[in-house]
>>> print(open('my_file-v2.txt').read())   # compact mmCIF, C-alpha atoms
# COMPACT_ATOMS: atom_id res chain seq x y z
CA MET Z 1 0.00 0.00 0.00
CA ILE Z 2 1.23 3.49 -0.87
CA LYS Z 3 0.97 5.77 2.18
CA LEU Z 4 0.68 9.54 1.82
CA ASP Z 5 0.49 12.11 4.61
CA ALA Z 6 -0.96 15.36 3.28
CA ARG Z 7 -2.25 16.70 6.59
CA ASN Z 8 -2.08 20.47 7.12
CA LEU Z 9 -0.63 21.20 3.70
CA SER Z 10 -1.87 24.23 1.74
CA CYS Z 11 -4.02 23.85 -1.32
CA PRO Z 12 -3.29 22.22 -3.82
CA GLU Z 13 -0.43 20.19 -2.31
CA PRO Z 14 -2.59 17.26 -1.08
CA LEU Z 15 -4.14 16.88 -4.53
CA LEU Z 16 -0.76 17.22 -6.23
CA MET Z 17 0.66 14.54 -3.94
CA LEU Z 18 -2.21 12.23 -4.87
CA LYS Z 19 -1.92 13.01 -8.57
CA ASN Z 20 1.78 12.13 -8.58
CA ALA Z 21 1.14 8.91 -6.62
CA ILE Z 22 -1.59 7.81 -9.03
CA LYS Z 23 0.69 8.55 -11.97
CA LYS Z 24 3.44 6.35 -10.52
CA ASN Z 25 1.06 3.60 -9.38
CA LYS Z 26 1.49 1.34 -12.41
CA GLN Z 27 1.09 -1.80 -10.26
CA GLY Z 28 -2.40 -0.80 -9.10
CA GLU Z 29 -1.52 -0.75 -5.39
CA ASP Z 30 -3.97 0.60 -2.85
CA ILE Z 31 -3.31 4.19 -1.78
CA CYS Z 32 -3.85 5.44 1.78
CA LEU Z 33 -4.05 9.23 2.10
CA LEU Z 34 -4.28 11.22 5.35
CA LEU Z 35 -5.97 14.62 5.13
CA SER Z 36 -6.95 17.29 7.62
CA SER Z 37 -9.55 19.43 5.81
CA GLN Z 38 -12.92 18.94 4.17
CA ASN Z 39 -11.70 20.94 1.19
CA ALA Z 40 -8.79 18.57 0.53
CA LEU Z 41 -11.11 15.60 1.10
CA GLU Z 42 -13.59 16.80 -1.55
CA ASN Z 43 -10.85 17.56 -4.09
CA CYS Z 44 -8.91 14.32 -3.59
CA LYS Z 45 -12.01 12.10 -3.54
CA ARG Z 46 -13.30 13.67 -6.76
CA PHE Z 47 -9.89 13.29 -8.45
CA ALA Z 48 -9.39 9.65 -7.39
CA GLU Z 49 -12.88 8.62 -8.47
CA LYS Z 50 -12.35 10.28 -11.83
CA ALA Z 51 -9.10 8.28 -12.16
CA GLY Z 52 -11.09 5.08 -11.65
CA TYR Z 53 -10.42 4.40 -7.96
CA THR Z 54 -13.00 3.31 -5.40
CA VAL Z 55 -12.62 5.59 -2.40
CA SER Z 56 -13.54 4.81 1.19
CA VAL Z 57 -13.37 7.58 3.78
CA ALA Z 58 -12.93 7.18 7.53
CA GLU Z 59 -13.05 10.10 9.94
CA ALA Z 60 -10.13 10.36 12.32
CA GLU Z 61 -9.10 12.65 15.16
CA TYR Z 62 -6.84 14.64 12.82
CA GLY Z 63 -9.30 14.68 9.90
CA TYR Z 64 -9.80 11.96 7.33
CA GLN Z 65 -8.19 8.77 6.11
CA LEU Z 66 -8.91 7.86 2.51
CA VAL Z 67 -8.23 4.38 1.16
CA MET Z 68 -8.27 4.18 -2.61
CA LYS Z 69 -8.47 0.90 -4.52
CA ILE Z 70 -8.39 0.27 -8.24
CA MET R 71 -24.85 18.54 -20.91
CA LYS R 72 -26.83 16.77 -18.19
CA SER R 73 -23.68 15.57 -16.42
CA PHE R 74 -22.07 19.00 -16.87
CA ILE R 75 -24.94 20.64 -15.00
CA LYS R 76 -25.05 17.83 -12.41
CA ASN R 77 -21.34 18.24 -11.64
CA ASN R 78 -21.17 22.02 -11.78
CA TRP R 79 -24.55 23.47 -10.81
CA ALA R 80 -23.38 24.48 -7.31
CA TYR R 81 -20.44 26.43 -8.74
CA ILE R 82 -22.50 28.07 -11.48
CA LEU R 83 -25.23 29.08 -9.02
CA SER R 84 -22.59 30.38 -6.60
CA GLY R 85 -21.19 32.55 -9.37
CA VAL R 86 -24.66 33.87 -10.22
CA ALA R 87 -25.32 34.66 -6.54
CA ILE R 88 -21.97 36.43 -6.06
CA GLY R 89 -22.51 38.42 -9.27
CA LEU R 90 -26.01 39.47 -8.23
CA VAL R 91 -24.97 40.44 -4.69
CA ALA R 92 -22.05 42.47 -6.06
CA PHE R 93 -24.28 44.21 -8.57
CA ALA R 94 -26.87 44.96 -5.88
CA LEU R 95 -24.15 46.62 -3.77
CA THR R 96 -23.29 48.98 -6.64
CA LEU R 97 -26.98 49.91 -6.92
CA LEU R 98 -27.03 50.57 -3.16
CA GLY R 99 -24.05 52.94 -3.24
CA ASN R 100 -20.74 51.11 -3.76
CA PRO R 101 -18.54 52.50 -6.57
CA ALA R 102 -19.32 51.16 -10.05
CA ASN R 103 -17.78 47.75 -10.85
CA MET R 104 -16.82 47.53 -7.17
CA GLY R 105 -19.62 45.57 -5.55
CA PHE R 106 -16.78 43.63 -4.03
CA CYS R 107 -13.05 44.19 -4.14
CA ILE R 108 -11.13 42.47 -1.38
CA ALA R 109 -7.97 44.49 -2.06
CA CYS R 110 -9.76 47.84 -2.27
CA PHE R 111 -11.90 47.12 0.80
CA LEU R 112 -8.94 46.02 2.94
CA ARG R 113 -7.16 49.15 1.71
CA ASP R 114 -10.15 51.24 2.80
CA ILE R 115 -10.07 49.59 6.24
CA SER R 116 -6.32 50.23 6.42
CA GLY R 117 -7.03 53.90 5.71
CA SER R 118 -9.90 54.12 8.16
CA LEU R 119 -7.60 52.83 10.91
CA GLY R 120 -5.11 55.56 10.00
CA PHE R 121 -2.43 53.31 8.50
CA HIS R 122 -2.34 55.43 5.36
CA GLY R 123 -3.28 59.02 4.60
CA ALA R 124 -5.09 58.72 1.27
CA LYS R 125 -8.22 60.62 2.29
CA VAL R 126 -10.36 59.34 -0.59
CA VAL R 127 -10.05 55.66 0.37
CA GLN R 128 -10.87 55.41 4.07
CA TYR R 129 -13.87 53.39 5.24
CA VAL R 130 -14.48 50.27 7.31
CA ARG R 131 -16.12 48.09 4.70
CA PRO R 132 -18.76 45.89 6.36
CA GLU R 133 -18.51 43.48 3.41
CA ILE R 134 -15.12 42.30 4.71
CA ILE R 135 -16.53 41.81 8.22
CA GLY R 136 -19.46 39.91 6.72
CA ILE R 137 -17.29 37.61 4.64
CA VAL R 138 -15.17 36.64 7.65
CA MET R 139 -18.21 36.20 9.93
CA GLY R 140 -20.16 34.27 7.28
CA ALA R 141 -17.24 31.90 6.73
CA PHE R 142 -16.79 31.56 10.51
CA ALA R 143 -20.46 30.75 11.19
CA ILE R 144 -20.86 28.21 8.40
CA SER R 145 -17.52 26.52 9.13
CA LEU R 146 -18.63 26.04 12.76
CA LEU R 147 -22.00 24.74 11.66
CA LYS R 148 -20.52 22.31 9.14
CA ARG R 149 -17.70 21.17 11.46
CA ASP R 150 -15.15 22.67 9.08
CA PHE R 151 -13.69 25.18 11.56
CA LYS R 152 -10.09 24.16 12.21
CA PRO R 153 -7.61 26.38 14.05
CA THR R 154 -4.23 25.92 12.35
CA ALA R 155 -1.14 28.07 11.79
CA GLY R 156 2.62 27.90 11.55
CA SER R 157 3.27 27.47 7.83
CA ALA R 158 5.92 30.12 7.06
CA PRO R 159 3.96 32.97 8.72
CA ALA R 160 6.49 35.76 8.12
CA LEU R 161 6.80 34.84 4.46
CA ARG R 162 3.02 34.71 4.13
CA PHE R 163 2.84 38.21 5.64
CA VAL R 164 5.27 39.55 3.03
CA LEU R 165 3.51 37.68 0.22
CA GLY R 166 0.20 39.16 1.41
CA ALA R 167 1.72 42.65 1.24
CA MET R 168 2.95 41.95 -2.30
CA VAL R 169 -0.47 40.67 -3.39
CA MET R 170 -1.88 43.99 -2.23
CA ILE R 171 0.81 46.08 -3.95
CA GLY R 172 0.14 44.20 -7.20
CA ALA R 173 -3.64 44.45 -6.89
CA LEU R 174 -3.59 48.18 -6.10
CA ALA R 175 -1.36 48.87 -9.11
CA PHE R 176 -4.14 47.39 -11.27
CA LEU R 177 -6.87 48.83 -9.01
CA GLY R 178 -8.57 45.61 -8.00
CA CYS R 179 -8.25 42.09 -6.69
CA PRO R 180 -9.15 39.12 -8.92
CA LEU R 181 -12.80 39.40 -7.80
CA ARG R 182 -12.99 43.02 -8.91
CA MET R 183 -11.14 42.08 -12.11
CA VAL R 184 -13.98 39.69 -12.90
CA LEU R 185 -16.60 42.32 -11.99
CA ARG R 186 -14.80 44.91 -14.13
CA ILE R 187 -14.85 42.54 -17.11
CA GLY R 188 -18.60 42.04 -16.57
CA GLY R 189 -18.96 45.83 -16.41
CA GLY R 190 -17.41 46.28 -19.88
CA ASP R 191 -13.97 47.42 -18.70
CA LEU R 192 -11.60 46.11 -21.38
CA ASN R 193 -8.53 47.06 -19.29
CA ALA R 194 -9.43 44.19 -16.97
CA ILE R 195 -9.34 41.68 -19.85
CA ILE R 196 -5.73 42.70 -20.60
CA ALA R 197 -4.85 42.44 -16.89
CA LEU R 198 -6.44 38.97 -16.77
CA LEU R 199 -3.62 37.80 -19.07
CA GLY R 200 -1.10 38.83 -16.41
CA PHE R 201 -3.12 37.03 -13.73
CA ILE R 202 -3.23 33.82 -15.80
CA ALA R 203 0.50 34.10 -16.56
CA GLY R 204 1.32 34.52 -12.87
CA ILE R 205 -0.75 31.45 -12.01
CA GLY R 206 0.97 29.52 -14.83
CA VAL R 207 4.42 30.33 -13.42
CA GLY R 208 3.15 29.36 -9.96
CA VAL R 209 2.02 26.00 -11.35
CA ILE R 210 5.53 25.39 -12.72
CA PHE R 211 6.97 26.06 -9.25
CA LEU R 212 4.37 23.78 -7.62
CA ASN R 213 5.17 20.99 -10.06
CA ASN R 214 8.82 21.38 -9.09
CA GLY R 215 8.11 20.91 -5.40
CA PHE R 216 7.23 24.40 -4.16
CA SER R 217 5.78 24.38 -0.64
CA LEU R 218 5.49 26.77 2.29
CA GLY R 219 5.43 23.73 4.58
CA ARG R 220 2.85 22.26 6.91
CA SER R 221 0.73 24.20 9.36
CA TYR R 222 0.01 22.84 12.83
CA ASP R 223 -3.10 22.45 14.92
CA GLN R 224 -3.59 25.40 17.28
CA PRO R 225 -5.78 26.31 20.25
CA LYS R 226 -9.25 27.69 19.44
CA ALA R 227 -8.09 31.19 20.45
CA GLU R 228 -5.76 31.28 17.42
CA GLY R 229 -8.57 30.28 15.07
CA VAL R 230 -10.98 32.99 16.23
CA VAL R 231 -8.61 35.95 15.82
CA ALA R 232 -10.13 36.99 12.48
CA PRO R 233 -13.80 36.73 13.58
CA VAL R 234 -13.07 38.52 16.88
CA ILE R 235 -11.22 41.39 15.17
CA SER R 236 -14.09 41.63 12.67
CA LEU R 237 -16.64 41.86 15.47
CA VAL R 238 -14.58 44.49 17.30
CA LEU R 239 -14.38 46.54 14.08
CA LEU R 240 -18.14 46.28 13.63
CA PHE R 241 -18.69 47.35 17.25
CA VAL R 242 -16.40 50.38 16.83
CA VAL R 243 -18.04 51.39 13.53
CA ILE R 244 -21.51 51.30 15.08
CA PHE R 245 -20.81 52.74 18.53
CA PHE R 246 -17.54 54.70 18.28
CA PRO R 247 -17.23 55.86 14.65
CA ALA R 248 -15.34 58.97 15.80
CA LEU R 249 -12.32 56.74 16.45
CA LEU R 250 -12.06 55.98 12.73
CA LEU R 251 -11.35 58.00 9.60
CA PHE R 252 -14.00 58.17 6.88
CA SER R 253 -13.62 59.58 3.36
CA GLU R 254 -15.78 62.57 2.53
CA SER R 255 -15.18 62.24 -1.20
CA GLY R 256 -13.85 59.66 -3.66
CA PRO R 257 -14.43 55.88 -3.71
CA GLY R 258 -14.17 55.60 0.09
CA SER R 259 -17.19 57.84 0.51
CA MET R 260 -19.31 55.71 -1.82
CA HIS R 261 -20.84 52.80 -0.03
CA ALA R 262 -23.99 50.78 0.47
CA PRO R 263 -25.81 51.11 3.83
CA ILE R 264 -23.91 49.31 6.55
CA TRP R 265 -26.47 46.54 7.16
CA ALA R 266 -26.91 45.80 3.47
CA ALA R 267 -23.13 45.56 3.04
CA LEU R 268 -22.85 43.32 6.09
CA VAL R 269 -25.58 40.96 4.89
CA ALA R 270 -24.03 40.90 1.40
CA GLY R 271 -20.68 39.95 2.95
CA LEU R 272 -22.30 37.24 5.08
CA ILE R 273 -23.98 35.69 2.03
CA VAL R 274 -20.81 35.73 -0.04
CA GLY R 275 -18.72 34.49 2.91
CA ILE R 276 -21.05 31.51 3.38
CA ILE R 277 -20.99 30.72 -0.35
CA GLY R 278 -17.19 31.08 -0.44
CA GLN R 279 -16.70 28.78 2.52
CA ARG R 280 -18.95 26.02 1.19
CA THR R 281 -17.99 26.07 -2.49
CA ARG R 282 -14.32 27.02 -1.85
CA VAL R 283 -14.50 29.81 -4.45
CA CYS R 284 -10.97 30.88 -5.31
CA PHE R 285 -10.08 32.93 -8.33
CA ALA R 286 -6.43 31.86 -8.45
CA GLY R 287 -7.23 28.29 -7.40
CA GLY R 288 -9.85 27.91 -10.12
CA ILE R 289 -7.44 28.72 -12.93
CA ARG R 290 -4.61 26.81 -11.21
CA ASP R 291 -6.71 23.62 -10.89
CA ALA R 292 -7.76 23.86 -14.53
CA MET R 293 -4.08 23.99 -15.51
CA MET R 294 -2.80 21.34 -13.08
CA PHE R 295 -5.64 18.85 -12.74
CA LYS R 296 -7.96 19.65 -15.65
CA GLN R 297 -10.67 20.45 -13.08
CA PHE R 298 -12.78 23.26 -14.47
CA HIS R 299 -15.64 23.64 -11.96
CA MET R 300 -14.27 26.86 -10.47
CA VAL R 301 -13.67 28.32 -13.93
CA TRP R 302 -17.41 27.93 -14.58
CA CYS R 303 -18.01 29.85 -11.34
CA LEU R 304 -15.79 32.70 -12.54
CA LEU R 305 -17.49 32.76 -15.94
CA SER R 306 -20.93 32.79 -14.35
CA ILE R 307 -19.94 35.84 -12.25
CA ILE R 308 -18.86 37.62 -15.44
CA ILE R 309 -22.01 36.67 -17.35
CA THR R 310 -24.29 37.59 -14.43
CA THR R 311 -22.75 41.03 -13.97
CA LEU R 312 -22.71 41.58 -17.73
CA VAL R 313 -26.42 40.75 -18.03
CA ALA R 314 -27.27 42.83 -14.94
CA ASN R 315 -25.35 45.82 -16.33
CA LEU R 316 -27.06 45.46 -19.72
CA ILE R 317 -30.49 45.37 -18.07
CA LYS R 318 -29.60 48.44 -16.02
CA ALA R 319 -28.40 50.24 -19.16
CA ASN R 320 -31.67 49.35 -20.88
CA ILE R 321 -33.75 50.68 -17.99
CA THR R 322 -31.78 53.87 -17.41
CA GLY R 323 -31.25 54.57 -21.10
CA THR R 324 -27.50 55.08 -20.57
CA PRO R 325 -25.73 52.64 -22.90
CA MET R 326 -23.13 50.32 -21.39
CA SER R 327 -19.61 51.21 -22.44
CA PHE R 328 -17.28 48.44 -23.63
CA SER R 329 -14.06 50.43 -23.70
CA PHE R 330 -10.64 51.13 -22.25
CA ASP R 331 -11.35 54.79 -21.51
CA GLY R 332 -13.87 56.28 -19.13
CA GLN R 333 -14.19 53.20 -16.92
CA PRO R 334 -14.87 53.72 -13.21
CA VAL R 335 -11.87 53.58 -10.83
CA ALA R 336 -9.57 52.27 -13.58
CA HIS R 337 -6.62 53.24 -15.77
CA SER R 338 -5.19 52.03 -19.07
CA ASP R 339 -1.56 51.60 -17.98
CA HIS R 340 -1.67 48.06 -19.37
CA ILE R 341 1.91 46.96 -18.80
CA TRP R 342 1.78 47.64 -15.09
CA SER R 343 -1.75 46.27 -14.75
CA VAL R 344 -0.48 43.03 -16.27
CA VAL R 345 2.60 42.99 -14.03
CA GLY R 346 0.43 43.84 -10.99
CA LEU R 347 -1.92 40.94 -11.56
CA PHE R 348 0.99 38.67 -12.49
CA ILE R 349 2.23 39.30 -8.94
CA VAL R 350 -1.26 38.64 -7.53
CA GLY R 351 -1.53 35.38 -9.50
CA LEU R 352 1.90 34.05 -8.61
CA ALA R 353 1.78 35.06 -4.94
CA SER R 354 -1.75 33.69 -4.60
CA VAL R 355 -0.58 30.30 -5.91
CA PHE R 356 2.26 30.36 -3.36
CA LEU R 357 -0.23 31.25 -0.60
CA GLY R 358 -2.73 28.59 -1.65
CA GLY R 359 -5.51 31.04 -2.49
CA CYS R 360 -6.52 34.48 -3.78
CA PRO R 361 -7.34 37.41 -1.43
CA PHE R 362 -11.00 36.36 -1.21
CA ARG R 363 -10.03 32.80 -0.32
CA GLN R 364 -7.58 34.07 2.32
CA LEU R 365 -10.41 36.01 4.01
CA VAL R 366 -12.66 32.95 3.98
CA LEU R 367 -9.89 30.73 5.36
CA ALA R 368 -9.11 33.31 8.05
CA GLY R 369 -12.76 33.05 9.10
CA SER R 370 -12.51 29.25 9.08
CA GLY R 371 -9.68 29.16 11.62
CA SER R 372 -6.51 29.58 9.57
CA GLY R 373 -4.02 31.76 11.45
CA ASP R 374 -1.76 31.63 8.38
CA SER R 375 -4.48 33.23 6.27
CA MET R 376 -5.11 35.83 8.96
CA VAL R 377 -1.41 36.72 8.88
CA THR R 378 -1.72 37.03 5.10
CA VAL R 379 -4.70 39.38 5.49
CA LEU R 380 -2.71 41.49 7.97
CA GLY R 381 0.11 41.56 5.41
CA MET R 382 -2.37 42.80 2.83
CA ILE R 383 -3.51 45.60 5.16
CA VAL R 384 0.10 46.69 5.69
CA GLY R 385 0.77 46.32 1.94
CA ALA R 386 -2.14 48.67 1.27
CA ALA R 387 -0.69 51.25 3.65
CA LEU R 388 2.72 50.97 1.95
CA SER R 389 1.09 51.28 -1.47
CA HIS R 390 -0.53 54.58 -0.62
CA ASN R 391 2.09 56.04 1.69
CA LEU R 392 4.88 55.41 -0.85
CA GLY R 393 2.79 56.27 -3.93
CA LEU R 394 2.89 52.77 -5.41
CA ALA R 395 -0.83 52.35 -6.07
CA GLY R 396 -2.18 53.01 -9.54
CA ALA R 397 -4.05 56.28 -9.97
CA ALA R 398 -7.48 56.10 -11.58
CA ALA R 399 -7.90 58.00 -14.84
CA ASN R 400 -10.03 61.15 -14.70
CA ALA R 401 -10.87 64.17 -16.84
CA THR R 402 -7.47 65.77 -16.29
CA SER R 403 -5.14 62.77 -16.03
CA ALA R 404 -4.69 59.39 -17.71
CA GLY R 405 -3.80 57.92 -14.34
CA GLY R 406 -1.60 54.82 -14.10
CA VAL R 407 1.34 53.59 -12.07
CA SER R 408 4.14 55.94 -10.97
CA ASP R 409 7.84 55.31 -11.71
CA THR R 410 8.38 54.32 -8.08
CA GLY R 411 5.43 51.98 -8.31
CA SER R 412 6.84 50.36 -11.47
CA ILE R 413 10.21 49.77 -9.82
CA VAL R 414 8.61 48.22 -6.73
CA LEU R 415 6.49 45.94 -8.93
CA ILE R 416 9.64 44.66 -10.64
CA VAL R 417 11.28 44.12 -7.24
CA CYS R 418 8.20 42.13 -6.17
CA VAL R 419 8.45 39.91 -9.27
CA VAL R 420 12.14 39.22 -8.60
CA PHE R 421 11.39 38.50 -4.93
CA LEU R 422 8.63 36.05 -5.88
CA PHE R 423 10.95 34.12 -8.22
CA ILE R 424 13.52 33.88 -5.43
CA VAL R 425 10.81 32.60 -3.04
CA GLY R 426 9.70 30.09 -5.67
CA ILE R 427 13.22 28.75 -6.08
CA CYS R 428 14.04 28.68 -2.36
CA CYS R 429 10.87 27.13 -0.90
CA ARG R 430 10.95 23.51 -1.98
CA ARG R 431 9.44 20.54 -0.25
CA LYS R 432 11.91 18.18 1.38
CA ALA R 433 11.91 14.81 -0.36
>>> encode(input="my_file-v2.txt", output="structure tokens")
Amino acid sequence: MIKLDARNLSCPEPLLMLKNAIKKNKQGEDICLLLSSQNALENCKRFAEKAGYTVSVAEAEYGYQLVMKI
Amino acid sequence: MKSFIKNNWAYILSGVAIGLVAFALTLLGNPANMGFCIACFLRDISGSLGFHGAKVVQYVRPEIIGIVMGAFAISLLKRDFKPTAGSAPALRFVLGAMVMIGALAFLGCPLRMVLRIGGGDLNAIIALLGFIAGIGVGVIFLNNGFSLGRSYDQPKAEGVVAPVISLVLLFVVIFFPALLLFSESGPGSMHAPIWAALVAGLIVGIIGQRTRVCFAGGIRDAMMFKQFHMVWCLLSIIITTLVANLIKANITGTPMSFSFDGQPVAHSDHIWSVVGLFIVGLASVFLGGCPFRQLVLAGSGSGDSMVTVLGMIVGAALSHNLGLAGAAANATSAGGVSDTGSIVLIVCVVFLFIVGICCRRKA
């Protein structure tokens, strides 16, 4: 699983981090992304779903944990 | 078409609402094509507090208070209020000041740029090219690892600084106006009634917080991620104000003017308008949002955005005290940016490139 920590980063760094990870993910590994804001959650979820991933979201003390599977 | 509307209706409607509210404010007394202007309004507040001595631009704009309070209220209600700070605050302060210096050279923030385009001001279309170019350069830096670093969770007291200051300002305006300076002529003296302006700000602040409207972010995301929803929001603001202005022209019998000359609170010093908005675009990408977005984030708990707003207020004071701001054209003068202003704009561009090169994310 690819793990990304994008908590407390300014816009659009979380989305850019995810975009780069998806680009490199030729093996189709699951991606786990930690986020701290609703804004980043909406953007990243929309982007991953458009890229063909199934996204599950869990709320955490710090914000959100997204697990993306293809 | 169906899926386009399904995916973008909230952004298009937000744009229509912002355009209508802005237009209504001009009918109620705000200067023409200035229903909202985050840069101009923060500059007016800066003047009203005595930070600068430009007597024609001094007023505590309730729209700014409303935007912050609207964003604050809705972020609390939607559990989106999050006190954070600590991501390069001093640099953000300086970048905020530069955003303001760039915006005041052009005579407007990106929101006013959009409203000016909708009002038939062709100068704003030229300046838009500079804004897009600045964002494009910012995207190149982002793709090469630009970052101002992480912020950190903070106590609630840090997150409520912007709403509390806004409330204090509102209290002083209502009960102790003698403490503040108010323009007796010029754009600062032209304003909608205080409650109308406050409600307008609240509405736009709520919309901005929920739909994340950002004028720099919209163009940036279209370039970086091929996500266009915010671009539709910008276009719907332009179309709404354009249609509203055309209807007004039809009713009043005064034809709308699509021109470079004779536009309200504007000049045709194109080179420096382009450079000014280039600075706004590039610095806004570095900051993670345009001036409007910074206000909304400040209301949602971001201490970093509040520091940026304070930087903008100081930048406004510098702009006017040092004669850097663009002068609006009038019957006797073509207006434009002074030689000193031009030099400072170039210095800002150089500074921004240095910041872009120096601030890279650690691998």
>>> closest_atom_pairs(input="my_file-v2.txt", of="chain Z", to="chain R", cutoff="10 Å", atoms="only C-alpha atoms", output="tab-separated table")
residue	atom	partner	partner_atom	distance
Z:Ala6	CA	R:Arg220	CA	8.7
Z:Arg7	CA	R:Arg220	CA	7.6
Z:Asn8	CA	R:Ser221	CA	5.2
Z:Leu9	CA	R:Arg220	CA	4.9
Z:Ser10	CA	R:Gly358	CA	5.6
Z:Cys11	CA	R:Gly358	CA	4.9
Z:Pro12	CA	R:Gly358	CA	6.8
Z:Glu13	CA	R:Ser217	CA	7.7
Z:Leu15	CA	R:Phe295	CA	8.6
Z:Leu16	CA	R:Asn213	CA	8.0
Z:Met17	CA	R:Gly215	CA	9.9
Z:Lys19	CA	R:Phe295	CA	8.1
Z:Asn20	CA	R:Asn213	CA	9.6
Z:Ser36	CA	R:Lys152	CA	8.8
Z:Ser37	CA	R:Asp150	CA	7.2
Z:Gln38	CA	R:Asp150	CA	6.6
Z:Asn39	CA	R:Arg282	CA	7.3
Z:Asn43	CA	R:Gln297	CA	9.4
Z:Arg46	CA	R:Gln297	CA	9.6
Z:Phe47	CA	R:Phe295	CA	8.2
Z:Tyr62	CA	R:Asp223	CA	8.9
Z:Gly63	CA	R:Lys152	CA	9.8
>>> write_last_selection(input="my_file-v2.txt", atoms="C-alpha atoms", output="short mmCIF file (atom, residue, chain, number, x, y, z; two decimals), in the coordinates of the input")
data_model
loop_
_atom_site.label_atom_id
_atom_site.label_comp_id
_atom_site.auth_asym_id
_atom_site.auth_seq_id
_atom_site.Cartn_x
_atom_site.Cartn_y
_atom_site.Cartn_z
CA ALA Z 6 -0.96 15.36 3.28
CA ARG Z 7 -2.25 16.70 6.59
CA ASN Z 8 -2.08 20.47 7.12
CA LEU Z 9 -0.63 21.20 3.70
CA SER Z 10 -1.87 24.23 1.74
CA CYS Z 11 -4.02 23.85 -1.32
CA PRO Z 12 -3.29 22.22 -3.82
CA GLU Z 13 -0.43 20.19 -2.31
CA LEU Z 15 -4.14 16.88 -4.53
CA LEU Z 16 -0.76 17.22 -6.23
CA MET Z 17 0.66 14.54 -3.94
CA LYS Z 19 -1.92 13.01 -8.57
CA ASN Z 20 1.78 12.13 -8.58
CA SER Z 36 -6.95 17.29 7.62
CA SER Z 37 -9.55 19.43 5.81
CA GLN Z 38 -12.92 18.94 4.17
CA ASN Z 39 -11.70 20.94 1.19
CA ASN Z 43 -10.85 17.56 -4.09
CA ARG Z 46 -13.30 13.67 -6.76
CA PHE Z 47 -9.89 13.29 -8.45
CA TYR Z 62 -6.84 14.64 12.82
CA GLY Z 63 -9.30 14.68 9.90
#
>>> atom_distance(input="my_file-v2.txt", atom1="CA of Met183 (chain R)", atom2="CA of Trp79 (chain R)")
23.0 Å
>>> residues_near_point(input="my_file-v2.txt", point="(-8.4, 53.5, -14.1)", cutoff="12 Å", atoms="all atoms listed in the file", output="ChimeraX atom specification")
/R:102-103,174-178,183,186,191-194,197,329-340,342-343,395-401,403-407
>>> atom_distance(input="my_file-v2.txt", atom1="CA of Trp302 (chain R)", atom2="CA of Gly288 (chain R)")
8.8 Å
>>> residues_around(input="my_file-v2.txt", residues="Met260 (chain R)", least_positions_apart="3", cutoff="8 Å", atoms="all atoms listed in the file", output="mmCIF file with C-alpha atoms, in the coordinates of the input")
data_model
loop_
_atom_site.group_PDB
_atom_site.id
_atom_site.type_symbol
_atom_site.label_atom_id
_atom_site.label_comp_id
_atom_site.auth_asym_id
_atom_site.auth_seq_id
_atom_site.Cartn_x
_atom_site.Cartn_y
_atom_site.Cartn_z
ATOM 1 C CA GLY R 99 -24.050 52.940 -3.240
ATOM 2 C CA ASN R 100 -20.740 51.110 -3.760
ATOM 3 C CA PRO R 101 -18.540 52.500 -6.570
ATOM 4 C CA SER R 255 -15.180 62.240 -1.200
ATOM 5 C CA GLY R 256 -13.850 59.660 -3.660
ATOM 6 C CA PRO R 257 -14.430 55.880 -3.710
#
>>> atom_distance(input="my_file-v2.txt", atom1="CA of Ile115 (chain R)", atom2="CA of Gly275 (chain R)")
17.7 Å
>>> closest_residue(input="my_file-v2.txt", among="R:Ala167, R:Ala248, R:Val230, R:Met326", to="Cys418 (chain R)", atoms="all atoms listed in the file")
R:Ala167
>>> residues_around(input="my_file-v2.txt", residues="Glu254 (chain R)", least_positions_apart="2", cutoff="12 Å", atoms="all atoms listed in the file", output="ChimeraX atom specification")
/R:118,124-129,251-252,256-261
>>> closest_residue(input="my_file-v2.txt", among="R:Leu185, R:Ala143, R:Ile108, R:Leu198", to="Val313 (chain R)", atoms="all atoms listed in the file")
R:Leu185
>>> residues_around(input="my_file-v2.txt", residues="Trp265 (chain R)", least_positions_apart="3", cutoff="10 Å", atoms="only C-alpha atoms", output="compact mmCIF listing (two decimals) with C-alpha atoms, keeping the file's coordinate frame")
# COMPACT_ATOMS: atom_id res chain seq x y z
CA PRO R 132 -18.76 45.89 6.36
CA GLU R 133 -18.51 43.48 3.41
CA GLY R 136 -19.46 39.91 6.72
CA ALA R 262 -23.99 50.78 0.47
CA LEU R 268 -22.85 43.32 6.09
CA VAL R 269 -25.58 40.96 4.89
CA ALA R 270 -24.03 40.90 1.40
CA GLY R 271 -20.68 39.95 2.95
>>> residues_near_point(input="my_file-v2.txt", point="(-5.3, 35.9, 11.0)", cutoff="6 Å", atoms="all atoms listed in the file", output="count of residues only")
7
>>> closest_residue(input="my_file-v2.txt", among="Z:Leu34, Z:Ala21, Z:Gln27, Z:Leu4", to="Glu59 (chain Z)", atoms="only C-alpha atoms")
Z:Leu34
